[in-house]
file run.txt (compact mmCIF, C-alpha atoms and all ligand atoms)
# COMPACT_ATOMS: atom_id res chain seq x y z
CA MET L 1 0.00 0.00 0.00
CA TRP L 2 1.28 3.46 -0.87
CA PHE L 3 0.24 6.59 0.99
CA TYR L 4 -0.21 9.98 -0.58
CA THR L 5 2.15 12.66 0.73
CA GLY L 6 1.03 15.65 -1.26
CA GLU L 7 4.30 16.06 -3.15
CA GLU L 8 2.86 15.21 -6.55
CA ARG L 9 0.48 18.12 -6.50
CA ASN L 10 2.64 20.53 -8.43
CA SER L 11 2.90 18.29 -11.42
CA MET L 12 -0.85 18.05 -11.87
CA GLU L 13 -1.74 17.29 -15.43
CA LYS L 14 -5.23 16.22 -16.48
CA LYS L 15 -5.67 12.57 -17.35
CA ASN L 16 -6.14 11.75 -20.99
CA ILE L 17 -9.87 11.05 -20.83
CA ASP L 18 -12.57 11.73 -23.43
CA TRP L 19 -14.62 13.71 -20.88
CA ALA L 20 -17.63 14.45 -23.09
CA ASN L 21 -18.17 10.77 -23.87
CA LEU L 22 -17.89 9.39 -20.36
CA GLY L 23 -20.96 7.61 -19.07
CA PHE L 24 -22.09 7.17 -15.48
CA GLY L 25 -19.81 4.34 -14.48
CA TYR L 26 -16.93 3.50 -12.20
CA LEU L 27 -13.53 4.52 -13.46
CA GLN L 28 -10.84 3.97 -10.87
CA THR L 29 -9.03 7.13 -9.81
CA ASP L 30 -5.67 7.39 -8.03
CA TYR L 31 -6.64 8.09 -4.42
CA ARG L 32 -9.38 7.37 -1.94
CA PHE L 33 -9.84 8.43 1.68
CA VAL L 34 -10.06 5.80 4.43
CA SER L 35 -10.76 6.20 8.12
CA ASN L 36 -11.40 3.41 10.61
CA TYR L 37 -13.54 3.45 13.74
CA LYS L 38 -12.37 1.19 16.54
CA ASN L 39 -12.67 1.22 20.37
CA GLY L 40 -15.14 4.07 20.15
CA ALA L 41 -13.05 6.50 18.08
CA TRP L 42 -12.22 7.40 14.48
CA ASP L 43 -8.56 7.41 13.49
CA GLU L 44 -6.99 10.33 11.60
CA GLY L 45 -7.84 8.93 8.21
CA THR L 46 -5.54 8.85 5.21
CA LEU L 47 -5.44 8.76 1.44
CA THR L 48 -4.49 5.46 -0.16
CA THR L 49 -3.97 4.12 -3.66
CA ASP L 50 -5.48 0.74 -2.74
CA ALA L 51 -8.95 0.48 -4.28
CA ASN L 52 -9.74 -2.86 -2.66
CA ILE L 53 -11.19 -3.64 0.75
CA VAL L 54 -10.49 -6.86 2.59
CA LEU L 55 -13.25 -7.76 5.03
CA ASN L 56 -14.00 -10.61 7.37
CA GLU L 57 -16.62 -12.97 5.90
CA CYS L 58 -18.99 -12.09 8.73
CA ALA L 59 -18.64 -8.28 8.54
CA GLY L 60 -21.78 -6.43 9.65
CA VAL L 61 -22.25 -4.83 6.26
CA LEU L 62 -22.25 -8.19 4.49
CA GLN L 63 -24.70 -9.86 6.85
CA TYR L 64 -27.12 -7.09 7.82
CA ALA L 65 -26.48 -4.30 5.31
CA GLN L 66 -25.28 -1.76 7.84
CA THR L 67 -24.12 0.87 5.38
CA VAL L 68 -24.96 4.47 4.45
CA PHE L 69 -23.63 6.74 1.73
CA GLU L 70 -23.61 10.16 0.12
CA GLY L 71 -23.21 11.51 -3.39
CA LEU L 72 -21.88 14.87 -4.58
CA LYS L 73 -19.80 16.28 -7.38
CA ALA L 74 -16.62 18.28 -7.92
CA TYR L 75 -16.29 20.29 -11.10
CA THR L 76 -14.37 23.13 -12.65
CA THR L 77 -15.99 26.58 -12.70
CA LYS L 78 -15.74 29.10 -15.51
CA ASP L 79 -12.79 30.82 -13.84
CA GLY L 80 -10.91 27.55 -13.44
CA LYS L 81 -11.56 26.80 -9.78
CA ILE L 82 -12.33 23.29 -8.60
CA VAL L 83 -15.36 23.37 -6.33
CA THR L 84 -18.02 21.22 -4.70
CA PHE L 85 -21.60 22.22 -4.00
CA ARG L 86 -22.79 22.46 -0.37
CA PRO L 87 -20.74 19.51 0.95
CA ASP L 88 -21.64 20.53 4.52
CA LEU L 89 -25.20 19.40 3.81
CA ASN L 90 -23.97 16.01 2.63
CA GLY L 91 -21.95 15.75 5.83
CA GLU L 92 -24.99 16.64 7.90
CA ARG L 93 -27.16 14.12 6.07
CA LEU L 94 -24.56 11.36 6.50
CA GLU L 95 -24.63 12.06 10.25
CA GLN L 96 -28.41 11.59 10.24
CA SER L 97 -28.25 8.44 8.11
CA ALA L 98 -25.60 6.91 10.37
CA ALA L 99 -27.55 7.71 13.54
CA ARG L 100 -30.65 5.95 12.18
CA LEU L 101 -28.66 2.75 11.54
CA GLU L 102 -26.89 2.88 14.94
CA MET L 103 -23.56 3.72 13.33
CA PRO L 104 -21.04 6.19 14.77
CA ILE L 105 -21.18 9.78 13.51
CA TYR L 106 -18.43 10.87 11.18
CA PRO L 107 -18.40 14.59 12.11
CA LYS L 108 -19.50 16.84 9.27
CA ASP L 109 -16.52 19.19 9.55
CA LYS L 110 -14.13 16.29 9.21
CA PHE L 111 -16.32 15.03 6.39
CA VAL L 112 -15.88 18.26 4.42
CA GLU L 113 -12.13 18.21 5.05
CA ALA L 114 -11.90 14.62 3.84
CA VAL L 115 -13.93 15.43 0.70
CA LYS L 116 -11.60 18.33 -0.10
CA LYS L 117 -8.50 16.22 0.47
CA THR L 118 -9.76 13.41 -1.75
CA VAL L 119 -10.76 15.75 -4.58
CA LYS L 120 -7.44 17.58 -4.36
CA ALA L 121 -5.54 14.31 -4.61
CA ASN L 122 -7.56 13.37 -7.69
CA GLU L 123 -7.37 16.79 -9.32
CA ALA L 124 -6.15 15.23 -12.56
CA PHE L 125 -9.53 13.50 -12.84
CA VAL L 126 -11.67 16.61 -12.36
CA PRO L 127 -13.14 17.33 -15.81
CA PRO L 128 -12.47 20.75 -17.35
CA TYR L 129 -15.07 23.53 -17.49
CA GLY L 130 -17.46 23.22 -20.39
CA SER L 131 -17.05 19.45 -20.81
CA GLY L 132 -20.30 18.80 -18.97
CA ALA L 133 -18.50 16.05 -17.09
CA THR L 134 -17.85 16.07 -13.33
CA LEU L 135 -15.96 14.14 -10.69
CA TYR L 136 -18.56 12.17 -8.79
CA ILE L 137 -17.74 11.81 -5.09
CA ARG L 138 -19.07 8.87 -3.13
CA PRO L 139 -18.54 8.97 0.66
CA TYR L 140 -19.77 5.87 2.48
CA MET L 141 -19.53 4.05 5.76
CA PHE L 142 -20.09 0.43 6.76
CA GLY L 143 -19.90 -1.99 9.67
CA SER L 144 -16.63 -3.89 9.27
CA ASN L 145 -16.19 -6.34 12.15
CA PRO L 146 -17.85 -9.78 12.41
CA VAL L 147 -21.51 -9.67 13.49
CA ILE L 148 -23.76 -12.72 13.54
CA GLY L 149 -26.29 -11.99 16.31
CA VAL L 150 -28.41 -9.07 15.12
CA LYS L 151 -26.81 -5.94 16.54
CA PRO L 152 -24.80 -2.96 15.33
CA ALA L 153 -21.14 -3.55 14.48
CA ASP L 154 -18.43 -2.23 16.84
CA GLU L 155 -16.00 -1.26 14.09
CA TYR L 156 -16.64 0.81 11.00
CA GLN L 157 -14.89 2.12 7.97
CA PHE L 158 -15.57 5.50 6.35
CA ARG L 159 -14.34 5.90 2.80
CA ILE L 160 -14.56 8.40 -0.03
CA LEU L 161 -14.10 7.23 -3.59
CA THR L 162 -14.25 9.42 -6.68
CA THR L 163 -14.96 8.63 -10.30
CA PRO L 164 -15.27 10.94 -13.31
CA VAL L 165 -18.72 10.83 -14.90
CA GLY L 166 -19.95 12.19 -18.20
CA PRO L 167 -22.55 14.86 -18.90
CA TYR L 168 -25.93 13.66 -17.69
CA PHE L 169 -27.73 14.88 -20.79
CA LYS L 170 -25.95 14.00 -23.99
CA GLY L 171 -27.54 15.98 -26.78
CA GLY L 172 -30.11 17.83 -24.67
CA ALA L 173 -32.42 17.00 -21.82
CA LYS L 174 -34.97 14.62 -23.28
CA PRO L 175 -38.00 14.24 -21.02
CA ILE L 176 -38.38 10.81 -19.49
CA THR L 177 -41.39 8.59 -18.90
CA ILE L 178 -41.98 7.27 -15.41
CA ARG L 179 -44.58 4.88 -14.08
CA VAL L 180 -46.45 4.78 -10.82
CA SER L 181 -44.98 1.73 -9.12
CA ASP L 182 -46.95 -1.09 -7.55
CA PHE L 183 -44.00 -1.64 -5.24
CA ASP L 184 -43.46 0.58 -2.23
CA ARG L 185 -40.16 2.28 -1.47
CA ALA L 186 -40.42 3.37 2.16
CA ALA L 187 -42.72 2.70 5.08
CA PRO L 188 -44.03 5.42 7.39
CA HIS L 189 -41.55 5.71 10.28
CA GLY L 190 -39.10 3.59 8.26
CA THR L 191 -35.83 4.50 6.55
CA GLY L 192 -36.94 6.39 3.44
CA HIS L 193 -35.47 9.64 4.73
CA ILE L 194 -31.91 8.34 5.05
CA LYS L 195 -29.40 7.57 2.33
CA ALA L 196 -28.83 3.88 2.93
CA GLY L 197 -27.95 1.06 0.56
CA LEU L 198 -30.91 -0.92 1.91
CA ASN L 199 -33.34 1.50 0.23
CA TYR L 200 -31.64 0.83 -3.07
CA ALA L 201 -31.33 -2.95 -2.71
CA MET L 202 -35.06 -3.35 -2.50
CA SER L 203 -35.66 -0.93 -5.39
CA LEU L 204 -33.62 -2.98 -7.86
CA HIS L 205 -36.41 -5.38 -8.74
CA ALA L 206 -38.81 -2.48 -9.34
CA ILE L 207 -36.34 -0.65 -11.57
CA VAL L 208 -35.42 -3.72 -13.62
CA ASP L 209 -39.12 -4.41 -14.08
CA ALA L 210 -39.82 -0.77 -15.05
CA HIS L 211 -37.10 -0.91 -17.69
CA LYS L 212 -38.51 -4.20 -19.03
CA GLN L 213 -41.88 -2.49 -19.43
CA GLY L 214 -40.29 0.45 -21.25
CA TYR L 215 -40.24 3.05 -18.44
CA ASP L 216 -37.25 5.08 -17.34
CA GLU L 217 -38.06 5.19 -13.62
CA ASN L 218 -40.59 4.35 -10.91
CA VAL L 219 -42.44 6.96 -8.95
CA TYR L 220 -43.38 5.63 -5.53
CA LEU L 221 -46.52 6.38 -3.55
CA ASP L 222 -46.79 6.71 0.21
CA ALA L 223 -46.97 3.15 1.48
CA ALA L 224 -49.72 3.76 4.05
CA THR L 225 -52.48 5.12 1.80
CA ARG L 226 -51.02 4.87 -1.72
CA THR L 227 -52.70 8.17 -2.56
CA ARG L 228 -49.74 10.55 -2.34
CA ILE L 229 -46.68 10.98 -4.56
CA GLU L 230 -43.36 10.47 -2.80
CA GLU L 231 -40.29 10.26 -5.03
CA THR L 232 -38.46 8.01 -7.48
CA GLY L 233 -35.74 5.54 -6.49
CA GLY L 234 -33.03 8.18 -6.50
CA ALA L 235 -34.54 11.62 -7.06
CA ASN L 236 -37.15 13.94 -5.55
CA LEU L 237 -40.04 15.31 -7.62
CA LEU L 238 -40.82 18.87 -8.47
CA PHE L 239 -44.06 20.10 -10.04
CA ILE L 240 -44.96 23.48 -11.54
CA THR L 241 -48.56 24.64 -11.39
CA LYS L 242 -50.26 26.28 -14.37
CA ASP L 243 -49.81 29.66 -12.68
CA GLY L 244 -46.09 29.12 -12.21
CA LYS L 245 -45.81 27.97 -8.61
CA VAL L 246 -43.26 25.37 -7.59
CA VAL L 247 -44.69 22.45 -5.62
CA THR L 248 -42.69 19.62 -4.10
CA PRO L 249 -44.09 16.64 -2.17
CA LYS L 250 -43.79 16.68 1.61
CA SER L 251 -43.43 13.42 3.49
CA ASP L 252 -41.31 12.03 6.31
CA SER L 253 -40.29 9.08 4.13
CA ILE L 254 -38.73 11.13 1.31
CA LEU L 255 -34.95 11.57 1.16
CA PRO L 256 -34.22 15.27 1.78
CA SER L 257 -32.53 16.09 -1.54
CA ILE L 258 -29.98 18.90 -1.36
CA THR L 259 -30.74 19.76 -4.99
CA ARG L 260 -34.45 20.07 -4.23
CA ARG L 261 -33.85 22.25 -1.16
CA SER L 262 -31.51 24.45 -3.22
CA LEU L 263 -34.00 24.73 -6.08
CA ILE L 264 -36.74 25.86 -3.70
CA GLN L 265 -34.47 28.64 -2.46
CA VAL L 266 -33.52 29.55 -6.05
CA ALA L 267 -37.21 29.67 -7.03
CA LYS L 268 -38.01 32.09 -4.22
CA GLU L 269 -34.89 34.24 -4.05
CA TYR L 270 -33.65 34.33 -7.63
CA LEU L 271 -36.79 33.86 -9.69
CA GLY L 272 -39.39 35.42 -7.41
CA LEU L 273 -41.59 32.35 -7.64
CA GLU L 274 -43.83 30.97 -4.97
CA ALA L 275 -42.67 27.59 -3.75
CA GLU L 276 -44.48 25.16 -1.54
CA GLU L 277 -43.69 21.84 0.12
CA ARG L 278 -46.94 20.00 0.73
CA PRO L 279 -48.56 16.59 0.27
CA VAL L 280 -49.14 15.95 -3.44
CA TYR L 281 -51.96 13.58 -4.30
CA LEU L 282 -51.85 11.13 -7.17
CA ASP L 283 -55.24 12.29 -8.39
CA GLU L 284 -54.12 15.93 -8.71
CA ILE L 285 -50.95 15.47 -10.79
CA GLY L 286 -52.89 16.03 -14.02
CA GLU L 287 -53.38 19.62 -12.85
CA PHE L 288 -49.68 20.50 -13.04
CA ALA L 289 -48.04 22.09 -16.06
CA GLU L 290 -44.48 20.78 -15.62
CA CYS L 291 -42.72 18.01 -13.76
CA GLY L 292 -39.08 17.17 -13.11
CA LEU L 293 -36.86 14.90 -11.05
CA CYS L 294 -34.15 16.52 -9.00
CA GLY L 295 -30.91 15.21 -7.62
CA THR L 296 -27.17 15.69 -7.79
CA ALA L 297 -26.71 13.62 -10.95
CA ALA L 298 -28.90 15.62 -13.35
CA VAL L 299 -29.85 18.67 -11.24
CA ILE L 300 -33.26 18.48 -12.95
CA SER L 301 -34.36 15.77 -15.31
CA PRO L 302 -37.61 16.75 -17.06
CA VAL L 303 -40.50 14.29 -16.84
CA GLY L 304 -42.49 14.10 -20.07
CA LYS L 305 -45.04 11.58 -18.93
CA ILE L 306 -46.26 9.82 -15.80
CA VAL L 307 -48.14 6.59 -16.47
CA ASP L 308 -50.52 5.39 -13.77
CA HIS L 309 -51.90 2.04 -14.87
CA GLY L 310 -53.18 3.17 -18.26
CA ARG L 311 -53.85 6.78 -17.21
CA GLU L 312 -51.26 8.97 -18.91
CA ILE L 313 -50.35 12.41 -17.64
CA CYS L 314 -48.31 14.34 -20.20
CA TYR L 315 -46.09 17.33 -19.43
CA GLY L 316 -44.71 17.85 -22.91
CA THR L 317 -41.86 16.70 -25.08
CA GLU L 318 -39.39 19.36 -23.95
CA MET L 319 -38.20 20.75 -20.64
CA GLY L 320 -40.87 23.23 -19.48
CA PRO L 321 -40.06 26.96 -19.29
CA ILE L 322 -40.01 27.25 -15.48
CA THR L 323 -38.12 24.00 -15.07
CA ARG L 324 -35.63 25.39 -17.59
CA LYS L 325 -35.22 28.62 -15.59
CA LEU L 326 -34.66 26.68 -12.38
CA TYR L 327 -32.17 24.43 -14.12
CA ASP L 328 -30.26 27.29 -15.76
CA THR L 329 -30.11 29.32 -12.56
CA LEU L 330 -28.89 26.52 -10.31
CA THR L 331 -26.33 25.24 -12.83
CA GLY L 332 -25.20 28.87 -13.36
CA ILE L 333 -24.69 29.21 -9.60
CA GLN L 334 -22.76 25.94 -9.53
CA MET L 335 -20.57 26.84 -12.50
CA GLY L 336 -19.78 30.31 -11.21
CA THR L 337 -21.61 32.37 -13.84
CA ILE L 338 -24.31 33.46 -11.36
CA LYS L 339 -23.50 34.73 -7.87
CA ALA L 340 -24.08 31.99 -5.31
CA PRO L 341 -25.75 32.38 -1.92
CA GLU L 342 -23.25 32.53 0.94
CA GLY L 343 -21.68 29.15 1.67
CA TRP L 344 -23.00 27.22 -1.31
CA ILE L 345 -19.75 26.88 -3.23
CA CYS L 346 -16.86 25.15 -1.52
CA GLU L 347 -13.54 25.76 -3.18
CA ILE L 348 -10.85 23.09 -3.22
CA ASP L 349 -7.52 24.76 -2.64
C1 LIG L 401 -29.57 10.92 -3.16
C2 LIG L 401 -31.05 10.85 -3.34
C3 LIG L 401 -31.79 11.94 -3.84
C4 LIG L 401 -31.15 13.21 -4.33
O1 LIG L 401 -30.52 13.94 -3.34
P1 LIG L 401 -29.45 15.07 -3.69
O2 LIG L 401 -28.93 15.49 -2.39
O3 LIG L 401 -30.17 16.16 -4.40
O4 LIG L 401 -28.45 14.43 -4.59
C5 LIG L 401 -33.16 11.81 -3.90
N1 LIG L 401 -33.79 10.67 -3.53
C6 LIG L 401 -33.10 9.60 -3.07
C7 LIG L 401 -33.85 8.38 -2.68
C8 LIG L 401 -31.71 9.66 -2.96
O5 LIG L 401 -31.05 8.60 -2.51
call {"tool": "encode", "arguments": {"input": "run.txt", "output": "structure tokens"}}
result
Amino acid sequence: MWFYTGEERNSMEKKNIDWANLGFGYLQTDYRFVSNYKNGAWDEGTLTTDANIVLNECAGVLQYAQTVFEGLKAYTTKDGKIVTFRPDLNGERLEQSAARLEMPIYPKDKFVEAVKKTVKANEAFVPPYGSGATLYIRPYMFGSNPVIGVKPADEYQFRILTTPVGPYFKGGAKPITIRVSDFDRAAPHGTGHIKAGLNYAMSLHAIVDAHKQGYDENVYLDAATRTRIEETGGANLLFITKDGKVVTPKSDSILPSITRRSLIQVAKEYLGLEAEERPVYLDEIGEFAECGLCGTAAVISPVGKIVDHGREICYGTEMGPITRKLYDTLTGIQMGTIKAPEGWICEID
């Protein structure tokens, strides 16, 4: 194993990668951050070149899925700075996810420091401005010691891996078609509000089935009454009313998307729009003029059609005008062409 010392920094040269044609996949980068939790405390943490993890066969994560994660991006702004977007909120959310699964807290300040360190070490993999590509950052934590009786692990590992990913929309944002799923994603008082692998494991069957039936994604209903819209497997929903108001579903079992929370603030403070978080009923979605999915990956992905067992609700074949404004404003803030609210842009130096 070889540990990063920081000496190579001066000779930073971008990797020879066809940035614009990258997909969303794993491409191994040079460094990752690793910190171990043992005897009730986290160690200092370090960068390593070793991309593999050796675990005991009975590790908590393997037996009982004790793992949580985050997702954010680093990218190059117009003036050539490498930045991340609101990483403190990812750190805060990871704290909440960990607490819900009885895992130790990795403090959010240390989290932000570790993100910066990892991005800095992988600077050569941060795509240039204008390429549309970004460096995807995946912090995660898991129970690492043997656990066979059902209980939380005593030892944990926190890691941050990075991988360059291509532009989300190649050749324009084409609206997607989503279906109302017959499967449920999250129970009331369950784990829908935390970013845990377990929420994704059980969504895999639904997503494979949706793709088989020709849909891009599933939209899940509230499990208790199946009358309210919640979210898709990996993105929150955003609706625009005919009179230009932004509406986003409110529920305790929705993952609190940082993109969605930022867009609501952008709607109010930059665009002068009314924005409301409230329960959204399945039988009212035909009343909306526009719909989009929001999350780190795409910022906003326009929804062209929601199919509810034969009932089709159409929002058009192009990104709607208000969705477009929200998209352009937030991506402008991220890329440094529009002034950001205090604390939103975190520079890697
Ligand atoms: C990560 C995630 C989102 C999007 O959150 P962002 O912070 O905007 O990236 C939405 N829904 C689910 C279920 C998620 O896991």
call {"tool": "closest_atom_pairs", "arguments": {"input": "run.txt", "of": "stretch 274-312 of chain L", "to": "stretch 132-135 of chain L", "cutoff": "12 Å", "atoms": "only C-alpha atoms", "output": "CSV"}}
result
residue,atom,partner,partner_atom,distance
L:Thr296,CA,L:Thr134,CA,10.8
L:Ala297,CA,L:Thr134,CA,9.5
L:Ala298,CA,L:Gly132,CA,10.8
call {"tool": "closest_residue", "arguments": {"input": "run.txt", "among": "L:Pro152, L:Pro279, L:Gly80, L:Gly286", "to": "L:Val307", "atoms": "only C-alpha atoms"}}
result
L:Gly286
call {"tool": "residues_near_ligand", "arguments": {"input": "run.txt", "ligand": "ligand LIG 401 (chain L)", "cutoff": "10 Å", "atoms": "all atoms listed in the file", "output": "PyMOL selection string"}}
result
chain L and resi 69-73+86-87+89-90+93+185-186+192-197+199-200+203+230-237+253-263+293-300
call {"tool": "closest_residue", "arguments": {"input": "run.txt", "among": "L:Lys14, L:Lys325, L:Lys212, L:Lys174", "to": "L:Gly244", "atoms": "all atoms listed in the file"}}
result
L:Lys325
call {"tool": "closest_residue", "arguments": {"input": "run.txt", "among": "L:Ile285, L:Cys346, L:Ile207, L:Val150", "to": "L:Arg228", "atoms": "only C-alpha atoms"}}
result
L:Ile285
call {"tool": "residues_near_point", "arguments": {"input": "run.txt", "point": "(-13.9, 0.4, -10.3)", "cutoff": "10 Å", "atoms": "all atoms listed in the file", "output": "PyMOL selection string"}}
result
chain L and resi 25-29+51-52+161-163
call {"tool": "write_last_selection", "arguments": {"input": "run.txt", "atoms": "C-alpha atoms", "output": "PDB file, in the coordinates of the input"}}
result
ATOM      1  CA  GLY L  25     -19.810   4.340 -14.480  1.00  0.00           C
ATOM      2  CA  TYR L  26     -16.930   3.500 -12.200  1.00  0.00           C
ATOM      3  CA  LEU L  27     -13.530   4.520 -13.460  1.00  0.00           C
ATOM      4  CA  GLN L  28     -10.840   3.970 -10.870  1.00  0.00           C
ATOM      5  CA  THR L  29      -9.030   7.130  -9.810  1.00  0.00           C
ATOM      6  CA  ALA L  51      -8.950   0.480  -4.280  1.00  0.00           C
ATOM      7  CA  ASN L  52      -9.740  -2.860  -2.660  1.00  0.00           C
ATOM      8  CA  LEU L 161     -14.100   7.230  -3.590  1.00  0.00           C
ATOM      9  CA  THR L 162     -14.250   9.420  -6.680  1.00  0.00           C
ATOM     10  CA  THR L 163     -14.960   8.630 -10.300  1.00  0.00           C
TER      11      THR L 163
END
call {"tool": "closest_residue", "arguments": {"input": "run.txt", "among": "L:Gly310, L:Gly149, L:Ala124, L:Val266", "to": "L:Asp328", "atoms": "only C-alpha atoms"}}
result
L:Val266
call {"tool": "closest_residue", "arguments": {"input": "run.txt", "among": "L:Val119, L:Val219, L:Met319, L:Leu330", "to": "L:Ile264", "atoms": "only C-alpha atoms"}}
result
L:Leu330
call {"tool": "atom_distance", "arguments": {"input": "run.txt", "atom1": "atom CA of L:Asn122", "atom2": "atom CA of L:Pro139"}}
result
14.5 Å
call {"tool": "atom_distance", "arguments": {"input": "run.txt", "atom1": "atom CA of L:Leu55", "atom2": "atom CA of L:Thr118"}}
result
22.5 Å
call {"tool": "residues_around", "arguments": {"input": "run.txt", "residues": "L:Ala173", "least_positions_apart": "2", "cutoff": "8 Å", "atoms": "all atoms listed in the file", "output": "ChimeraX atom specification"}}
result
/L:169-171,175,301-302,318-319
call {"tool": "atom_distance", "arguments": {"input": "run.txt", "atom1": "atom CA of L:Ile348", "atom2": "atom CA of L:Ile82"}}
result
5.6 Å
call {"tool": "closest_residue", "arguments": {"input": "run.txt", "among": "L:Asp30, L:Glu347, L:Glu290, L:Asp308", "to": "L:Asn218", "atoms": "only C-alpha atoms"}}
result
L:Asp308
call {"tool": "residues_near_point", "arguments": {"input": "run.txt", "point": "(-18.3, 27.0, -8.3)", "cutoff": "7 Å", "atoms": "all atoms listed in the file", "output": "list of chain:residue names"}}
result
L:Thr77, L:Lys81, L:Val83, L:Thr84, L:Ile333, L:Gln334, L:Met335, L:Gly336, L:Ile345
call {"tool": "residues_around", "arguments": {"input": "run.txt", "residues": "L:Thr227", "least_positions_apart": "2", "cutoff": "6 Å", "atoms": "only C-alpha atoms", "output": "ChimeraX atom specification"}}
result
/L:225,281-282
call {"tool": "write_last_selection", "arguments": {"input": "run.txt", "atoms": "C-alpha atoms", "output": "PDB file, in the coordinates of the input"}}
result
ATOM      1  CA  THR L 225     -52.480   5.120   1.800  1.00  0.00           C
ATOM      2  CA  TYR L 281     -51.960  13.580  -4.300  1.00  0.00           C
ATOM      3  CA  LEU L 282     -51.850  11.130  -7.170  1.00  0.00           C
TER       4      LEU L 282
END
